[in-house]
$ cat protein.txt   # compact mmCIF, C-alpha atoms
# COMPACT_ATOMS: atom_id res chain seq x y z
CA MET A 22 -14.06 13.56 9.65
CA ARG A 23 -16.53 13.19 6.80
CA LYS A 24 -16.00 12.84 3.09
CA GLU A 25 -18.46 13.78 0.37
CA LYS A 26 -21.23 11.21 -0.16
CA PRO A 27 -21.00 9.21 -3.40
CA ALA A 28 -23.09 10.85 -6.12
CA GLU A 29 -25.99 9.14 -7.87
CA ILE A 30 -26.04 5.52 -6.89
CA LYS A 31 -28.04 3.58 -9.50
CA VAL A 32 -30.04 0.54 -8.47
CA LYS A 33 -31.41 -2.04 -10.87
CA HIS A 34 -34.02 -4.37 -9.39
CA PHE A 35 -34.49 -8.05 -10.19
CA SER A 36 -36.76 -10.59 -8.55
CA THR A 37 -34.14 -11.91 -6.16
CA HIS A 38 -31.45 -9.28 -6.12
CA LYS A 39 -30.42 -5.73 -6.87
CA VAL A 40 -27.45 -4.51 -8.82
CA ILE A 41 -26.06 -1.33 -7.35
CA THR A 42 -23.68 0.84 -9.28
CA GLN A 43 -22.08 3.95 -7.98
CA PRO A 44 -19.72 6.27 -9.81
CA ASN A 45 -16.20 5.29 -8.86
CA PRO A 46 -15.19 7.79 -6.18
CA LEU A 47 -11.55 6.73 -6.46
CA ARG A 48 -11.17 7.64 -10.12
CA LYS A 49 -9.76 11.02 -9.12
CA VAL A 50 -6.57 9.37 -7.84
CA LEU A 51 -5.68 7.85 -11.21
CA ARG A 52 -3.57 9.95 -13.50
CA ARG A 53 -2.07 9.36 -16.87
CA VAL A 54 1.70 9.51 -17.06
CA ASP A 55 4.14 9.45 -19.90
CA GLU A 56 5.46 6.02 -20.89
CA ARG A 57 8.91 7.37 -20.15
CA ASP A 58 7.99 8.10 -16.54
CA LEU A 59 10.72 6.45 -14.51
CA ASP A 60 8.87 6.50 -11.21
CA ASP A 61 8.37 2.94 -10.01
CA PRO A 62 6.41 2.78 -6.75
CA VAL A 63 6.79 -1.00 -6.50
CA ALA A 64 10.58 -0.82 -6.78
CA ARG A 65 10.58 1.98 -4.22
CA ALA A 66 8.51 -0.11 -1.83
CA GLU A 67 10.72 -3.17 -2.33
CA GLN A 68 13.72 -1.06 -1.49
CA ALA A 69 12.03 0.23 1.65
CA LEU A 70 11.20 -3.34 2.64
CA ALA A 71 14.83 -4.31 2.12
CA GLY A 72 15.75 -1.43 4.40
CA LEU A 73 13.68 -2.99 7.16
CA SER A 74 15.34 -6.36 6.78
CA GLY A 75 17.89 -5.60 9.48
CA GLU A 76 15.07 -5.88 12.00
CA PHE A 77 13.61 -9.10 10.65
CA ARG A 78 15.79 -11.43 12.72
CA ASP A 79 14.77 -9.72 15.97
CA TRP A 80 11.14 -9.88 14.93
CA MET A 81 11.45 -13.58 14.16
CA LEU A 82 13.07 -14.23 17.52
CA ILE A 83 10.14 -12.50 19.22
CA GLU A 84 7.64 -14.56 17.22
CA ALA A 85 9.49 -17.83 17.89
CA ASP A 86 9.67 -17.09 21.60
CA ARG A 87 5.98 -16.27 21.65
CA LEU A 88 5.33 -19.67 20.08
CA SER A 89 7.50 -21.42 22.67
CA ALA A 90 5.71 -19.58 25.48
CA ALA A 91 2.36 -20.67 24.10
CA HIS A 92 3.60 -24.25 23.97
CA ALA A 93 4.87 -24.01 27.56
CA ALA A 94 1.40 -22.89 28.62
CA ILE A 95 -0.07 -25.94 26.88
CA LEU A 96 2.34 -28.22 28.73
CA GLU A 97 1.35 -26.60 32.01
CA LYS A 98 -2.41 -26.23 31.61
CA GLY A 99 -3.27 -28.59 28.78
CA PHE A 100 -5.24 -27.70 25.67
CA THR A 101 -7.64 -25.22 27.20
CA GLU A 102 -9.55 -23.07 24.73
CA LYS A 103 -7.44 -20.02 25.53
CA ALA A 104 -4.11 -21.89 25.43
CA SER A 105 -5.00 -23.62 22.15
CA GLU A 106 -6.10 -20.33 20.63
CA GLU A 107 -2.83 -18.63 21.61
CA LEU A 108 -0.75 -21.53 20.24
CA PHE A 109 -2.66 -21.34 16.97
CA ARG A 110 -2.32 -17.55 16.73
CA ALA A 111 1.41 -17.70 17.40
CA ALA A 112 1.90 -20.38 14.74
CA HIS A 113 -0.46 -18.63 12.33
CA ASP A 114 1.46 -15.37 12.62
CA ILE A 115 4.76 -17.12 11.90
CA LYS A 116 3.14 -18.89 8.96
CA GLY A 117 2.04 -15.54 7.52
CA ASP A 118 5.05 -13.42 8.35
CA ALA A 119 8.13 -15.61 8.28
CA ALA A 120 8.49 -15.85 4.51
CA THR A 121 8.29 -12.05 4.22
CA PHE A 122 11.03 -11.85 6.85
CA GLY A 123 13.24 -14.29 4.91
CA TYR A 124 12.45 -17.49 6.82
CA PRO A 125 10.34 -19.54 4.39
CA SER A 126 11.14 -22.86 6.09
CA ALA A 127 9.93 -21.50 9.43
CA ALA A 128 6.72 -20.47 7.65
CA ALA A 129 6.35 -23.98 6.26
CA ALA A 130 6.89 -25.60 9.66
CA ALA A 131 4.41 -23.19 11.24
CA GLU A 132 1.85 -24.00 8.56
CA SER A 133 2.24 -27.69 9.35
CA LEU A 134 1.63 -26.95 13.04
CA CYS A 135 -1.44 -24.86 12.19
CA ARG A 136 -2.84 -27.77 10.20
CA ILE A 137 -2.43 -30.08 13.20
CA ILE A 138 -4.21 -27.62 15.49
CA GLU A 139 -7.03 -27.03 12.99
CA HIS A 140 -7.67 -30.59 11.90
CA ALA A 141 -6.79 -32.92 14.80
CA PRO A 142 -10.12 -34.22 16.17
CA ASP A 143 -8.75 -34.15 19.72
CA LEU A 144 -5.65 -32.11 20.50
CA ASP A 145 -5.07 -34.01 23.74
CA LYS A 146 -4.49 -37.14 21.64
CA VAL A 147 -1.94 -35.60 19.30
CA PRO A 148 1.46 -37.14 20.08
CA ALA A 149 3.23 -34.59 22.26
CA GLU A 150 6.51 -35.07 20.40
CA LEU A 151 4.88 -34.16 17.08
CA ILE A 152 4.00 -30.72 18.38
CA ARG A 153 7.30 -30.38 20.24
CA HIS A 154 9.28 -31.20 17.09
CA HIS A 155 7.48 -28.43 15.24
CA ILE A 156 8.23 -25.89 17.96
CA ASN A 157 11.86 -26.95 18.20
CA ALA A 158 12.29 -26.90 14.44
CA ILE A 159 11.01 -23.35 14.18
CA GLN A 160 13.31 -22.22 16.99
CA ALA A 161 16.28 -23.94 15.36
CA ILE A 162 15.52 -22.48 11.93
CA VAL A 163 15.24 -18.98 13.33
CA ARG A 164 18.30 -19.15 15.55
CA ASP A 165 20.55 -20.89 13.05
CA HIS A 166 19.47 -18.83 10.08
CA THR A 167 22.80 -17.26 9.28
CA ARG A 168 24.75 -20.45 8.61
CA LEU A 169 25.35 -21.25 4.94
CA ASP A 170 24.25 -24.88 5.20
CA SER A 171 21.22 -24.08 7.31
CA VAL A 172 18.91 -23.10 4.44
CA LYS A 173 18.94 -26.55 2.86
CA VAL A 174 18.68 -28.30 6.20
CA ALA A 175 15.79 -26.06 7.25
CA GLY A 176 13.93 -26.85 4.06
CA GLU A 177 14.38 -30.59 4.49
CA LEU A 178 13.36 -30.36 8.13
CA SER A 179 10.12 -28.52 7.42
CA ARG A 180 9.28 -30.91 4.58
CA LYS A 181 9.80 -33.95 6.80
CA LEU A 182 7.69 -32.42 9.55
CA ARG A 183 4.92 -31.72 7.08
CA GLY A 184 5.07 -35.29 5.82
CA VAL A 185 4.77 -36.76 9.31
CA ALA A 186 2.02 -34.30 10.28
CA ASP A 187 0.02 -35.00 7.12
CA GLU A 188 0.31 -38.76 7.62
CA TYR A 189 -1.06 -38.35 11.14
CA LEU A 190 -3.86 -36.04 10.06
CA LEU A 191 -4.96 -38.26 7.19
CA HIS A 192 -5.14 -41.20 9.59
CA VAL A 193 -7.11 -39.50 12.37
CA ASN A 194 -9.46 -37.81 9.93
CA ARG A 195 -10.24 -40.90 7.85
CA ASP A 196 -13.92 -40.65 8.88
CA ARG A 197 -14.16 -36.89 8.51
CA PRO A 198 -14.46 -36.09 4.80
CA GLU A 199 -14.63 -32.32 5.23
CA HIS A 200 -11.34 -32.27 7.06
CA LEU A 201 -9.78 -34.71 4.59
CA GLU A 202 -10.76 -32.42 1.76
CA ALA A 203 -9.24 -29.42 3.50
CA ILE A 204 -6.06 -31.34 4.36
CA MET A 205 -5.55 -32.50 0.80
CA ALA A 206 -6.53 -29.24 -0.93
CA PRO A 207 -3.65 -27.35 -2.53
CA SER A 208 -2.45 -24.15 -0.96
CA ILE A 209 -3.28 -20.87 -2.67
CA VAL A 210 0.15 -19.48 -1.84
CA PRO A 211 2.29 -19.53 -4.99
CA ALA A 212 5.17 -21.99 -4.79
CA GLU A 213 8.64 -20.49 -4.63
CA MET B 222 0.34 4.44 -18.60
CA PHE B 223 -1.49 5.13 -15.34
CA ARG B 224 -0.30 5.86 -11.85
CA ILE B 225 -2.17 6.13 -8.59
CA ASP B 226 -1.85 9.33 -6.55
CA PHE B 227 -1.45 7.55 -3.24
CA ASN B 228 -1.21 10.87 -1.41
CA LYS B 229 -4.92 11.35 -2.16
CA LEU B 230 -5.94 8.03 -0.63
CA ARG B 231 -6.79 7.31 2.98
CA PHE B 232 -6.02 3.78 4.21
CA LEU B 233 -7.12 1.83 7.25
CA VAL B 234 -4.79 -1.06 8.12
CA CYS B 235 -6.12 -3.68 10.55
CA ASP B 236 -3.76 -6.32 11.92
CA ASP B 237 -3.06 -7.46 15.46
CA ASN B 238 0.60 -8.14 14.64
CA PRO B 239 2.69 -4.96 15.05
CA HIS B 240 5.41 -6.24 12.72
CA MET B 241 2.92 -6.75 9.90
CA ARG B 242 1.44 -3.29 10.52
CA ARG B 243 4.96 -1.86 10.23
CA ILE B 244 5.50 -3.71 6.95
CA LEU B 245 2.20 -2.47 5.51
CA ARG B 246 2.84 1.08 6.69
CA THR B 247 6.28 1.00 5.08
CA LEU B 248 4.90 -0.29 1.79
CA LEU B 249 2.01 2.20 1.67
CA HIS B 250 4.25 5.15 2.56
CA SER B 251 6.69 4.04 -0.14
CA PHE B 252 3.85 3.99 -2.66
CA GLY B 253 3.20 7.61 -1.63
CA ALA B 254 0.37 7.33 0.87
CA ARG B 255 0.26 9.95 3.60
CA GLU B 256 -2.84 8.95 5.54
CA VAL B 257 -2.50 5.45 6.95
CA TYR B 258 -4.52 4.67 10.06
CA GLU B 259 -3.87 1.52 12.04
CA ALA B 260 -6.02 -0.73 14.20
CA GLU B 261 -4.92 -3.78 16.15
CA ASP B 262 -8.28 -5.46 16.59
CA GLY B 263 -11.67 -5.63 14.95
CA ALA B 264 -13.44 -3.37 17.41
CA SER B 265 -11.04 -0.44 17.13
CA ALA B 266 -10.94 -1.01 13.37
CA LEU B 267 -14.70 -0.53 13.14
CA GLU B 268 -14.55 2.58 15.29
CA MET B 269 -11.77 4.06 13.15
CA TYR B 270 -13.64 3.09 10.01
CA THR B 271 -16.70 5.13 10.95
CA HIS B 272 -14.59 8.03 12.23
CA TYR B 273 -11.94 8.39 9.49
CA VAL B 274 -13.97 7.10 6.51
CA PRO B 275 -11.00 5.49 4.74
CA ASP B 276 -10.97 5.02 0.99
CA ILE B 277 -9.51 1.51 1.25
CA VAL B 278 -9.42 -1.00 4.10
CA ILE B 279 -6.61 -3.55 4.35
CA THR B 280 -7.36 -6.14 6.97
CA ASP B 281 -5.96 -9.33 8.37
CA TRP B 282 -8.34 -12.23 8.94
CA ALA B 283 -7.40 -13.46 12.41
CA MET B 284 -7.72 -10.64 14.98
CA PRO B 285 -8.92 -10.43 18.56
CA ILE B 286 -12.37 -9.26 19.69
CA PHE B 287 -13.77 -9.78 16.23
CA ASP B 288 -11.88 -10.83 13.18
CA GLY B 289 -11.41 -9.40 9.70
CA LEU B 290 -14.28 -11.41 8.33
CA GLU B 291 -16.71 -9.99 10.88
CA LEU B 292 -15.27 -6.53 10.25
CA ALA B 293 -16.02 -6.91 6.53
CA GLN B 294 -19.55 -8.08 7.28
CA MET B 295 -20.15 -5.08 9.54
CA ILE B 296 -18.76 -2.62 7.01
CA ARG B 297 -21.03 -4.14 4.36
CA GLN B 298 -24.20 -3.61 6.39
CA PRO B 299 -26.10 -1.21 4.08
CA GLU B 300 -27.52 0.62 7.09
CA SER B 301 -24.18 0.98 8.84
CA LYS B 302 -22.42 4.25 9.52
CA GLY B 303 -19.65 4.91 7.08
CA ASN B 304 -19.39 3.84 3.48
CA PRO B 305 -20.56 0.24 2.85
CA PHE B 306 -19.01 0.34 -0.65
CA ALA B 307 -15.42 0.88 0.47
CA PRO B 308 -12.97 -1.61 -1.06
CA ILE B 309 -11.77 -4.19 1.45
CA ILE B 310 -8.51 -6.02 0.79
CA MET B 311 -8.02 -9.06 2.99
CA LEU B 312 -4.39 -9.91 3.62
CA THR B 313 -4.06 -13.18 5.47
CA GLY B 314 -1.85 -16.09 6.37
CA HIS B 315 -4.71 -18.49 5.67
CA SER B 316 -3.72 -20.42 2.59
CA GLU B 317 -6.68 -22.70 1.88
CA LYS B 318 -8.79 -22.09 -1.19
CA ARG B 319 -12.03 -22.40 0.77
CA ARG B 320 -10.97 -19.34 2.75
CA VAL B 321 -11.11 -17.27 -0.42
CA THR B 322 -14.73 -18.29 -0.92
CA VAL B 323 -15.63 -17.51 2.68
CA ALA B 324 -13.99 -14.09 2.46
CA ARG B 325 -15.67 -13.37 -0.86
CA ASP B 326 -19.05 -14.23 0.61
CA ALA B 327 -18.41 -11.84 3.51
CA GLY B 328 -18.08 -8.98 1.02
CA VAL B 329 -14.30 -8.77 0.75
CA THR B 330 -13.22 -7.11 -2.51
CA GLU B 331 -9.72 -8.53 -2.96
CA PHE B 332 -7.89 -11.39 -1.26
CA LEU B 333 -4.12 -11.53 -0.85
CA ALA B 334 -2.43 -14.52 0.76
CA LYS B 335 0.77 -13.88 2.71
CA PRO B 336 3.73 -13.69 2.26
CA ILE B 337 3.18 -10.12 1.26
CA SER B 338 4.98 -8.55 -1.65
CA ALA B 339 5.08 -4.94 -2.76
CA LYS B 340 3.93 -5.97 -6.22
CA GLY B 341 1.02 -8.05 -4.94
CA LEU B 342 -0.25 -5.27 -2.70
CA TYR B 343 0.14 -2.62 -5.38
CA GLN B 344 -1.75 -4.77 -7.88
CA ARG B 345 -4.68 -5.31 -5.50
CA ILE B 346 -4.89 -1.57 -4.81
CA LEU B 347 -4.77 -0.84 -8.53
CA ASN B 348 -7.58 -3.34 -9.08
CA VAL B 349 -9.92 -1.66 -6.61
CA VAL B 350 -9.10 1.86 -7.81
CA ALA B 351 -9.18 1.30 -11.57
CA SER B 352 -11.61 -1.63 -11.94
CA PRO B 353 -14.36 -1.42 -9.33
CA ARG B 354 -17.11 -4.01 -9.57
CA PRO B 355 -20.81 -3.21 -9.17
CA PHE B 356 -22.43 -4.27 -5.90
CA ILE B 357 -25.03 -6.98 -5.55
CA LYS B 358 -27.70 -7.09 -2.87
CA THR B 359 -29.64 -10.26 -2.15
CA LYS B 360 -31.43 -11.52 0.94
CA THR B 361 -28.19 -12.97 2.24
CA TYR B 362 -25.45 -10.95 0.60
CA PHE B 363 -24.37 -7.38 0.07
CA GLY B 364 -21.01 -6.74 -1.50
CA PRO B 365 -18.99 -6.61 -4.71
CA ASP B 366 -20.27 -8.73 -7.58
CA ARG B 367 -18.78 -12.15 -6.89
CA ARG B 368 -18.67 -12.86 -10.58
CA ARG B 369 -15.46 -11.29 -11.76
CA ASN B 370 -15.99 -12.35 -15.38
CA THR B 371 -18.91 -13.26 -17.61
CA ASN B 372 -18.37 -16.73 -18.98
CA ASN B 373 -20.12 -17.23 -22.31
CA ALA B 374 -19.29 -20.94 -22.20
CA TYR B 375 -21.10 -21.49 -18.88
CA ILE B 376 -23.91 -24.02 -19.29
CA GLY B 377 -24.93 -24.57 -15.67
CA PRO B 378 -28.00 -23.21 -13.84
CA GLU B 379 -28.61 -19.50 -13.55
CA ARG B 380 -28.44 -19.02 -9.81
CA ARG B 381 -29.71 -15.46 -9.92
CA SER B 382 -33.43 -16.06 -10.33
CA GLY B 383 -35.40 -13.89 -12.67
CA GLY B 384 -33.99 -15.09 -15.93
CA GLU B 385 -31.05 -13.46 -17.56
CA VAL B 386 -29.39 -10.91 -15.42
CA GLU B 387 -28.18 -7.68 -16.76
CA VAL B 388 -25.19 -6.61 -14.80
CA LEU B 389 -24.35 -2.98 -15.20
CA GLN B 390 -20.71 -3.16 -16.07
CA GLN B 391 -18.60 -0.17 -15.44
CA PRO B 392 -15.86 -0.12 -18.04
CA SER B 393 -12.65 0.17 -16.15
CA LEU B 394 -10.91 3.49 -16.31
CA LEU B 395 -7.95 1.85 -17.98
CA ASP B 396 -10.17 0.44 -20.74
CA LYS B 397 -11.87 3.81 -21.19
CA ALA B 398 -8.54 5.53 -21.47
CA ARG B 399 -7.21 2.99 -23.97
CA SER B 400 -10.31 3.24 -26.18
CA SER B 401 -10.10 7.02 -26.25
CA GLY B 402 -6.46 6.75 -27.37
$ encode --input "protein.txt" --output "structure tokens"
Amino acid sequence: MRKEKPAEIKVKHFSTHKVITQPNPLRKVLRRVDERDLDDPVARAEQALAGLSGEFRDWMLIEADRLSAAHAAILEKGFTEKASEELFRAAHDIKGDAATFGYPSAAAAAESLCRIIEHAPDLDKVPAELIRHHINAIQAIVRDHTRLDSVKVAGELSRKLRGVADEYLLHVNRDRPEHLEAIMAPSIVPAE
Amino acid sequence: MFRIDFNKLRFLVCDDNPHMRRILRTLLHSFGAREVYEAEDGASALEMYTHYVPDIVITDWAMPIFDGLELAQMIRQPESKGNPFAPIIMLTGHSEKRRVTVARDAGVTEFLAKPISAKGLYQRILNVVASPRPFIKTKTYFGPDRRRNTNNAYIGPERRSGGEVEVLQQPSLLDKARSSG
């Protein structure tokens, strides 16, 4: 399946680089509409996303169980490369997806766990209960999501976990400036 | 006012998480897209990229076999099959600022940190359609101009050797349309 080749690419040469300009092949998809046009693709998409929300809890349960399974493998085999990678991936996916699914505190707890996995100099020396608390917190947040008082509790829980995790990471990385810089750098995700 | 005819665009979505692929598919279809191809790892993404020649690639960072960063680097090989100029939007759960720099240096066009929103995705797509940046080729880089703006107040060293650089700016289609009334 081939598309037409872009027409007339212009190249300007400099001593250390080239600047390459091609006519924008995507310009044909832009069209002018009347200011009174009521079509709102973003609103339509948000509505469609809301329509999916009935499935979000099941998806979160799957993700949380995947995380617990990865942790169980760690407990059985230790921090092998494969087991560590799977634990990180499971936590990373929750970190990225949970807020979209309506579980921002689970995302925050998963982010804290990701930071431990990324920045601990030796995962075998990370206190086992620190990791276990993160796993248990995420499970609790996901399973208890529907209770009215659970939102506030979940938020406090993930904040406390992050505080303890950061304290640990700052201590064990005191001689590793690159990791300290990464640990203390602000997140690029906009605050709620 | 401008709208995008999404039904004329071909997308390639690359993410190993099926739930996120479902979310992206839902959003793109709601925008009006009809051709949305999906890959669950870097290798199949590259294969689909050369076969379907998508207009826009939306990729996660962390994927098995090879990740979104490596995918971007392979797409940007000037000698590669397929279109090395295709816009690449990286959508990722990585939230550290240094990641943005790493992705930029791999040739990624737009970076979007999760959680995903319809507005955020739409805006990134609008950026790549209406305001494309020229490409820069150096010994170590090929990709969109990493300088989004020209800063007249900048007083640091000129890192592009050869004196003053003339960057061929393409006025964005929105600016062109506004100036023509």
$ closest_residue --input "protein.txt" --among "A:Ala85, A:Ile30, A:Ala119, A:Ala90" --to "Pro336 in chain B" --atoms "all atoms listed in the file"
A:Ala119
$ atom_distance --input "protein.txt" --atom1 "CA of Asp226 in chain B" --atom2 "CA of Leu342 in chain B"
15.2 Å
$ residues_near_point --input "protein.txt" --point "(-24.5, -11.3, 3.5)" --cutoff "9 Å" --atoms "only C-alpha atoms" --output "VMD selection string"
chain B and resid 294 297 to 298 326 to 328 358 to 364
$ write_last_selection --input "protein.txt" --atoms "C-alpha atoms" --output "PDB file, in the frame of the given file"
ATOM      1  CA  GLN B 294     -19.550  -8.080   7.280  1.00  0.00           C
ATOM      2  CA  ARG B 297     -21.030  -4.140   4.360  1.00  0.00           C
ATOM      3  CA  GLN B 298     -24.200  -3.610   6.390  1.00  0.00           C
ATOM      4  CA  ASP B 326     -19.050 -14.230   0.610  1.00  0.00           C
ATOM      5  CA  ALA B 327     -18.410 -11.840   3.510  1.00  0.00           C
ATOM      6  CA  GLY B 328     -18.080  -8.980   1.020  1.00  0.00           C
ATOM      7  CA  LYS B 358     -27.700  -7.090  -2.870  1.00  0.00           C
ATOM      8  CA  THR B 359     -29.640 -10.260  -2.150  1.00  0.00           C
ATOM      9  CA  LYS B 360     -31.430 -11.520   0.940  1.00  0.00           C
ATOM     10  CA  THR B 361     -28.190 -12.970   2.240  1.00  0.00           C
ATOM     11  CA  TYR B 362     -25.450 -10.950   0.600  1.00  0.00           C
ATOM     12  CA  PHE B 363     -24.370  -7.380   0.070  1.00  0.00           C
ATOM     13  CA  GLY B 364     -21.010  -6.740  -1.500  1.00  0.00           C
TER      14      GLY B 364
END
$ atom_distance --input "protein.txt" --atom1 "CA of Val321 in chain B" --atom2 "CA of Ile209 in chain A"
8.9 Å
$ residues_around --input "protein.txt" --residues "Leu233 in chain B" --least-positions-apart "5" --cutoff "6 Å" --atoms "all atoms listed in the file" --output "ChimeraX atom specification"
/B:257-259,275,278
$ atom_distance --input "protein.txt" --atom1 "CA of Phe252 in chain B" --atom2 "CA of Ile277 in chain B"
14.1 Å
$ decode --input "protein.txt" --residues "range 270-297 of chain B" --atoms "N, CA and C atoms" --output "PDB file, in the first residue's frame"
ATOM      1  N   TYR B 270       4.466  -0.038   9.677  1.00  0.00           N
ATOM      2  CA  TYR B 270       4.812   1.304   9.220  1.00  0.00           C
ATOM      3  C   TYR B 270       5.250   1.296   7.755  1.00  0.00           C
ATOM      4  N   THR B 271       6.104   0.324   7.412  1.00  0.00           N
ATOM      5  CA  THR B 271       6.583   0.268   6.026  1.00  0.00           C
ATOM      6  C   THR B 271       5.496  -0.242   5.085  1.00  0.00           C
ATOM      7  N   HIS B 272       4.570  -1.051   5.611  1.00  0.00           N
ATOM      8  CA  HIS B 272       3.531  -1.604   4.744  1.00  0.00           C
ATOM      9  C   HIS B 272       2.385  -0.622   4.522  1.00  0.00           C
ATOM     10  N   TYR B 273       1.885   0.009   5.605  1.00  0.00           N
ATOM     11  CA  TYR B 273       0.683   0.845   5.488  1.00  0.00           C
ATOM     12  C   TYR B 273       0.982   2.329   5.265  1.00  0.00           C
ATOM     13  N   VAL B 274       2.229   2.725   5.458  1.00  0.00           N
ATOM     14  CA  VAL B 274       2.638   4.132   5.259  1.00  0.00           C
ATOM     15  C   VAL B 274       1.650   5.083   5.947  1.00  0.00           C
ATOM     16  N   PRO B 275       1.577   5.048   7.248  1.00  0.00           N
ATOM     17  CA  PRO B 275       0.613   5.914   7.957  1.00  0.00           C
ATOM     18  C   PRO B 275       1.013   7.386   7.846  1.00  0.00           C
ATOM     19  N   ASP B 276       0.012   8.241   7.971  1.00  0.00           N
ATOM     20  CA  ASP B 276       0.282   9.682   7.988  1.00  0.00           C
ATOM     21  C   ASP B 276       0.849  10.114   9.332  1.00  0.00           C
ATOM     22  N   ILE B 277       0.363   9.508  10.398  1.00  0.00           N
ATOM     23  CA  ILE B 277       0.779   9.890  11.754  1.00  0.00           C
ATOM     24  C   ILE B 277       0.981   8.618  12.584  1.00  0.00           C
ATOM     25  N   VAL B 278       2.060   8.596  13.352  1.00  0.00           N
ATOM     26  CA  VAL B 278       2.341   7.475  14.247  1.00  0.00           C
ATOM     27  C   VAL B 278       2.139   7.943  15.685  1.00  0.00           C
ATOM     28  N   ILE B 279       1.377   7.172  16.443  1.00  0.00           N
ATOM     29  CA  ILE B 279       1.214   7.448  17.875  1.00  0.00           C
ATOM     30  C   ILE B 279       1.780   6.247  18.605  1.00  0.00           C
ATOM     31  N   THR B 280       2.823   6.472  19.378  1.00  0.00           N
ATOM     32  CA  THR B 280       3.502   5.337  19.986  1.00  0.00           C
ATOM     33  C   THR B 280       3.751   5.527  21.467  1.00  0.00           C
ATOM     34  N   ASP B 281       3.657   4.420  22.183  1.00  0.00           N
ATOM     35  CA  ASP B 281       4.059   4.372  23.577  1.00  0.00           C
ATOM     36  C   ASP B 281       5.583   4.314  23.612  1.00  0.00           C
ATOM     37  N   TRP B 282       6.141   4.546  24.784  1.00  0.00           N
ATOM     38  CA  TRP B 282       7.609   4.447  24.918  1.00  0.00           C
ATOM     39  C   TRP B 282       8.003   3.001  25.216  1.00  0.00           C
ATOM     40  N   ALA B 283       7.480   2.490  26.333  1.00  0.00           N
ATOM     41  CA  ALA B 283       7.896   1.162  26.801  1.00  0.00           C
ATOM     42  C   ALA B 283       7.103   0.089  26.065  1.00  0.00           C
ATOM     43  N   MET B 284       7.787  -0.696  25.243  1.00  0.00           N
ATOM     44  CA  MET B 284       7.155  -1.798  24.494  1.00  0.00           C
ATOM     45  C   MET B 284       8.163  -2.930  24.389  1.00  0.00           C
ATOM     46  N   PRO B 285       7.665  -4.150  24.207  1.00  0.00           N
ATOM     47  CA  PRO B 285       8.597  -5.268  24.072  1.00  0.00           C
ATOM     48  C   PRO B 285       9.281  -5.293  22.695  1.00  0.00           C
ATOM     49  N   ILE B 286      10.290  -6.099  22.613  1.00  0.00           N
ATOM     50  CA  ILE B 286      11.157  -6.321  21.445  1.00  0.00           C
ATOM     51  C   ILE B 286      12.007  -5.077  21.214  1.00  0.00           C
ATOM     52  N   PHE B 287      11.445  -4.019  20.667  1.00  0.00           N
ATOM     53  CA  PHE B 287      12.120  -2.731  20.827  1.00  0.00           C
ATOM     54  C   PHE B 287      11.079  -1.654  21.097  1.00  0.00           C
ATOM     55  N   ASP B 288      11.530  -0.643  21.811  1.00  0.00           N
ATOM     56  CA  ASP B 288      10.566   0.303  22.365  1.00  0.00           C
ATOM     57  C   ASP B 288      10.262   1.455  21.411  1.00  0.00           C
ATOM     58  N   GLY B 289       9.410   2.377  21.878  1.00  0.00           N
ATOM     59  CA  GLY B 289       8.972   3.463  21.021  1.00  0.00           C
ATOM     60  C   GLY B 289      10.105   4.380  20.598  1.00  0.00           C
ATOM     61  N   LEU B 290      11.077   4.492  21.467  1.00  0.00           N
ATOM     62  CA  LEU B 290      12.226   5.345  21.155  1.00  0.00           C
ATOM     63  C   LEU B 290      13.013   4.756  19.981  1.00  0.00           C
ATOM     64  N   GLU B 291      13.253   3.454  20.052  1.00  0.00           N
ATOM     65  CA  GLU B 291      13.981   2.782  18.968  1.00  0.00           C
ATOM     66  C   GLU B 291      13.147   2.798  17.686  1.00  0.00           C
ATOM     67  N   LEU B 292      11.837   2.663  17.837  1.00  0.00           N
ATOM     68  CA  LEU B 292      10.964   2.739  16.666  1.00  0.00           C
ATOM     69  C   LEU B 292      11.120   4.098  15.981  1.00  0.00           C
ATOM     70  N   ALA B 293      11.106   5.161  16.795  1.00  0.00           N
ATOM     71  CA  ALA B 293      11.260   6.511  16.232  1.00  0.00           C
ATOM     72  C   ALA B 293      12.606   6.639  15.515  1.00  0.00           C
ATOM     73  N   GLN B 294      13.650   6.129  16.134  1.00  0.00           N
ATOM     74  CA  GLN B 294      14.980   6.221  15.525  1.00  0.00           C
ATOM     75  C   GLN B 294      15.024   5.465  14.201  1.00  0.00           C
ATOM     76  N   MET B 295      14.346   4.326  14.139  1.00  0.00           N
ATOM     77  CA  MET B 295      14.346   3.553  12.892  1.00  0.00           C
ATOM     78  C   MET B 295      13.532   4.256  11.812  1.00  0.00           C
ATOM     79  N   ILE B 296      12.399   4.824  12.195  1.00  0.00           N
ATOM     80  CA  ILE B 296      11.589   5.546  11.222  1.00  0.00           C
ATOM     81  C   ILE B 296      12.377   6.721  10.656  1.00  0.00           C
ATOM     82  N   ARG B 297      13.168   7.348  11.512  1.00  0.00           N
ATOM     83  CA  ARG B 297      13.901   8.560  11.102  1.00  0.00           C
ATOM     84  C   ARG B 297      15.169   8.258  10.308  1.00  0.00           C
TER      85      ARG B 297
END
